[in-house]
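Have a look at the structure below before the remarks.
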Amino acid sequence: MSASRDPESEAQPYPDADGPPGLYDIFRVGSRMFEHPSTRETLRLAEASVMEIAACVVAAVYVASRGRLVRRSGKPDRPLDLLVEARAGVSGVLSSEEGWRYALFFRGGGKLKGAFALQAAAEPSSAQLFLLHALAEPTGAALAAAELIHRERHQARELRRLGEAQVASNRTMAATIVKLNAQQRIRDSIVAAAGSRNGEAQIVETVSILTGRSVVLQDSFGNELALVTAAGAAGSPGSMPVENLSTGGRSSAWRSVAIRSGGETLGVFGIYDPDDNRSDDDRFAVEYASAAIAVELAHRRSLAEVELRLGRELADDLVAGGEVVDALARAEALHFDLGSLQRAVLVAWESPTPNGVDVSAAVRHQLAAMHVPALVSRRPEATLAVVPDGPDLSRLYDRVSAALTSVRGTIGVGGRGTAEDLPRSFAEAGRALRIRAESRQPLGLSNHDDLGLLRILDTSDSGAALERYIAEWLGDLVEHDRKHRTELVRTLAAYLEAGGNYDRTSAALVIHRSTLRYRLGRIRDVSGRDINDPESRLNLHIAIRARASLTDYFG
């Protein structure tokens, strides 16, 4: 039968029939159904054939779906649907009050594929019923074929989709394998570097080699721990020093990653990338290196904290007069040479500091920067440091002031001595600190060795008693010199320093003996003191020395 689809042939299933359709015509319709099997076309041909065979109307069309019939077309009629369902796949008459109704089922491959609910004014003849049943055979087979083709096409599409997905998955897997292999090589390189003698520096150098860029490692204060400068414009920052990356400046050409452990920032790892075009491998190298360094820094921090605690305890025991033999062993474990001469240092500062930096931490950091070994302890009144004798500490005040962004502090340095003498040095540091704090210039550093006579003078009452003592013995002479522009105090000092010798005193003052004799007489008259009396001479000499020490040391 021709496969053409002109409107006239589609409207009539038997376009060439001269009379009523017969079995041959049914065969020809079945052939057309199998030319291009589809559910829609098969049901259309079957519906047209039913009308030709028995002049019946198809009231409803059903197709099988998941083992049951589902209405495909026709006016909704739930009672009719139930009657068709009740036939259970067996063609036969449906109950009706008017006319004739019939359920014609289509089977293919032994399974129900669809059904027609037929309706006519009168029951068809037995020959017409025979032809209707004959039509059901190719219709069911064609529906089964259409379902199979549809299933195969769906499977083909699904297989094609799965194939394409598999190809994409294979590509993704291949790319992932390449990426994992690259990351594994990066990990192996960094792990090998971490296991070397100087782990952090080797890791920085390894990352620089892997990325072809300059790489820097800083501590949490922005101090440089390691820097490797790569050659080439893209990876080299030039000769400019690396800024503090911990501040996180957005304009920086360095891309930084904070190194953290337990919520605490231990340092910063930076890579030079002014154009922000690092590859994924570059980023992975930086992140993995940061993690590896975090482990090392955390371990080092733990050891440092233990050493600091042991150092604090040892410093406190030393100034308290602890057992020296035991202290020597403890100091050796901390790599601190306690066998040489030592000094005690006390640092008192305003609290809290403007920038929030701990005073003890600042003292420890600045002493380390000055290459001065130290045992540092935080005490209620001040920070204590035990340091070797020898290093110049004159810049310590300025350095601590800069670290704390505050000048409101005082430092006292005790005299030198052995480990057994540290309690004395500690007391001297406290005395130097107190004298400085109670002077006219309370801010700065005072060394006990430089105090001269002040070392034996008590200034615990802010110097009031000392000033009263000086005023008692020299007050009248000082006032007389001020009013009359004389030099009685200077003359008395030269006389006492010369041991009462006229010639040496005259030579020191560059005056005649008679002038000296006159001035000494005026000193007796103004002060009311007998300078020949040993006790008076001693008190006058001490008062002059104390006044000179205060003036020379504190201005």
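Labels for the structure tokens follow display order: chains A, B, ..., residues from 1 in each chain, ligands from 1.
Taking only C-alpha atoms, the non-local environment of A:Gln119 within 7 Å (same-chain residues fewer than 6 positions away omitted) comprises Cys56, Val57, Val58, Ala59, Trp100, Arg101 and Tyr102 of chain A.
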The selected residues should be written to file as a PDB file, in the first residue's frame (atoms: N, CA, C and O atoms).
ATOM      1  N   CYS A  56     -19.862   2.858  12.898  1.00  0.00           N
ATOM      2  CA  CYS A  56     -19.863   3.099  14.349  1.00  0.00           C
ATOM      3  C   CYS A  56     -19.151   4.418  14.653  1.00  0.00           C
ATOM      4  O   CYS A  56     -18.299   4.895  13.897  1.00  0.00           O
ATOM      5  N   VAL A  57     -19.476   4.970  15.786  1.00  0.00           N
ATOM      6  CA  VAL A  57     -18.797   6.152  16.312  1.00  0.00           C
ATOM      7  C   VAL A  57     -17.878   5.714  17.454  1.00  0.00           C
ATOM      8  O   VAL A  57     -18.291   4.945  18.328  1.00  0.00           O
ATOM      9  N   VAL A  58     -16.648   6.206  17.421  1.00  0.00           N
ATOM     10  CA  VAL A  58     -15.720   5.892  18.515  1.00  0.00           C
ATOM     11  C   VAL A  58     -15.947   6.915  19.632  1.00  0.00           C
ATOM     12  O   VAL A  58     -15.572   8.085  19.507  1.00  0.00           O
ATOM     13  N   ALA A  59     -16.617   6.474  20.671  1.00  0.00           N
ATOM     14  CA  ALA A  59     -16.960   7.382  21.770  1.00  0.00           C
ATOM     15  C   ALA A  59     -15.746   7.708  22.648  1.00  0.00           C
ATOM     16  O   ALA A  59     -15.674   8.786  23.242  1.00  0.00           O
ATOM     17  N   TRP A 100     -26.455   0.835  20.827  1.00  0.00           N
ATOM     18  CA  TRP A 100     -25.487  -0.269  21.035  1.00  0.00           C
ATOM     19  C   TRP A 100     -24.127   0.313  21.379  1.00  0.00           C
ATOM     20  O   TRP A 100     -23.637   1.245  20.729  1.00  0.00           O
ATOM     21  N   ARG A 101     -23.487  -0.266  22.437  1.00  0.00           N
ATOM     22  CA  ARG A 101     -22.130   0.151  22.806  1.00  0.00           C
ATOM     23  C   ARG A 101     -21.264  -1.094  22.974  1.00  0.00           C
ATOM     24  O   ARG A 101     -21.733  -2.126  23.490  1.00  0.00           O
ATOM     25  N   TYR A 102     -20.006  -0.917  22.528  1.00  0.00           N
ATOM     26  CA  TYR A 102     -19.146  -2.111  22.462  1.00  0.00           C
ATOM     27  C   TYR A 102     -17.709  -1.697  22.805  1.00  0.00           C
ATOM     28  O   TYR A 102     -17.251  -0.625  22.412  1.00  0.00           O
TER      29      TYR A 102
END
Q.
To test your reading of the structure, identify every residue in stretch 376-540 of chain A that backbone DSSP assigns to helix (DSSP H, G or I), and report it as a VMD selection string.
A. chain A and resid 396 to 404 419 to 437 448 to 450 452 to 456 464 to 484 488 to 497 502 to 509 513 to 527 534 to 540
**Q.** Neighbour list for stretch 188-197 of chain A as a PyMOL selection string, cut-off 7 Å, only C-alpha atoms, skip fewer than 4 positions in-chain
**A.** chain A and resi 184+202-203+206+289
Those same residues - N, CA, C and O atoms - I'd like them written as a PDB file, in the first residue's frame.
ATOM      1  N   GLN A 184      49.771  16.860  43.737  1.00  0.00           N
ATOM      2  CA  GLN A 184      50.586  15.894  44.466  1.00  0.00           C
ATOM      3  C   GLN A 184      52.069  16.240  44.360  1.00  0.00           C
ATOM      4  O   GLN A 184      52.818  16.153  45.337  1.00  0.00           O
ATOM      5  N   GLN A 202      63.092  27.019  53.362  1.00  0.00           N
ATOM      6  CA  GLN A 202      63.070  26.091  52.233  1.00  0.00           C
ATOM      7  C   GLN A 202      61.687  26.039  51.588  1.00  0.00           C
ATOM      8  O   GLN A 202      61.560  25.929  50.359  1.00  0.00           O
ATOM      9  N   ILE A 203      60.636  26.129  52.396  1.00  0.00           N
ATOM     10  CA  ILE A 203      59.281  26.149  51.845  1.00  0.00           C
ATOM     11  C   ILE A 203      59.076  27.397  51.002  1.00  0.00           C
ATOM     12  O   ILE A 203      58.508  27.342  49.905  1.00  0.00           O
ATOM     13  N   THR A 206      60.879  26.919  47.784  1.00  0.00           N
ATOM     14  CA  THR A 206      60.193  25.929  46.953  1.00  0.00           C
ATOM     15  C   THR A 206      58.970  26.528  46.267  1.00  0.00           C
ATOM     16  O   THR A 206      58.735  26.316  45.074  1.00  0.00           O
ATOM     17  N   ALA A 289      51.460  25.492  51.378  1.00  0.00           N
ATOM     18  CA  ALA A 289      52.658  25.953  52.070  1.00  0.00           C
ATOM     19  C   ALA A 289      52.289  26.659  53.371  1.00  0.00           C
ATOM     20  O   ALA A 289      52.948  26.477  54.401  1.00  0.00           O
TER      21      ALA A 289
END
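Take atom CA of A:Ala546 and atom CA of A:Ser527: the distance between them is 17.7 Å.
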For A:Ala142, work out the shell of residues within 10 Å, counting only C-alpha atoms and skipping chain neighbours fewer than 5 positions away, then give it as an mmCIF file with C-alpha atoms, in the first residue's frame.
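Writing the result to part.cif gives the following:
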data_model
loop_
_atom_site.group_PDB
_atom_site.id
_atom_site.type_symbol
_atom_site.label_atom_id
_atom_site.label_comp_id
_atom_site.auth_asym_id
_atom_site.auth_seq_id
_atom_site.Cartn_x
_atom_site.Cartn_y
_atom_site.Cartn_z
ATOM 1 C CA GLY A 30 -2.703 -3.070 8.739
ATOM 2 C CA SER A 31 0.083 -2.663 6.184
ATOM 3 C CA ARG A 32 -0.361 1.111 6.292
ATOM 4 C CA MET A 33 -0.213 0.991 10.062
ATOM 5 C CA PHE A 34 3.203 -0.699 9.866
ATOM 6 C CA GLU A 35 4.705 1.660 7.291
ATOM 7 C CA HIS A 36 5.593 4.244 9.973
ATOM 8 C CA PRO A 37 4.281 2.820 13.263
ATOM 9 C CA SER A 38 3.114 5.449 15.704
ATOM 10 C CA THR A 39 0.365 5.438 18.287
ATOM 11 C CA GLU A 41 -1.358 7.264 13.219
ATOM 12 C CA THR A 42 -2.394 3.716 14.143
ATOM 13 C CA LEU A 43 -5.369 4.883 16.200
ATOM 14 C CA PHE A 106 -6.299 -4.216 20.966
ATOM 15 C CA ARG A 107 -3.559 -6.663 21.962
ATOM 16 C CA GLY A 108 0.018 -6.907 20.811
ATOM 17 C CA LYS A 113 -2.290 -2.051 24.138
ATOM 18 C CA ALA A 136 -8.184 -5.265 16.260
ATOM 19 C CA GLU A 137 -5.364 -7.701 15.450
ATOM 20 C CA GLU A 147 5.554 1.387 21.607
ATOM 21 C CA LEU A 148 8.658 -0.644 20.904
#
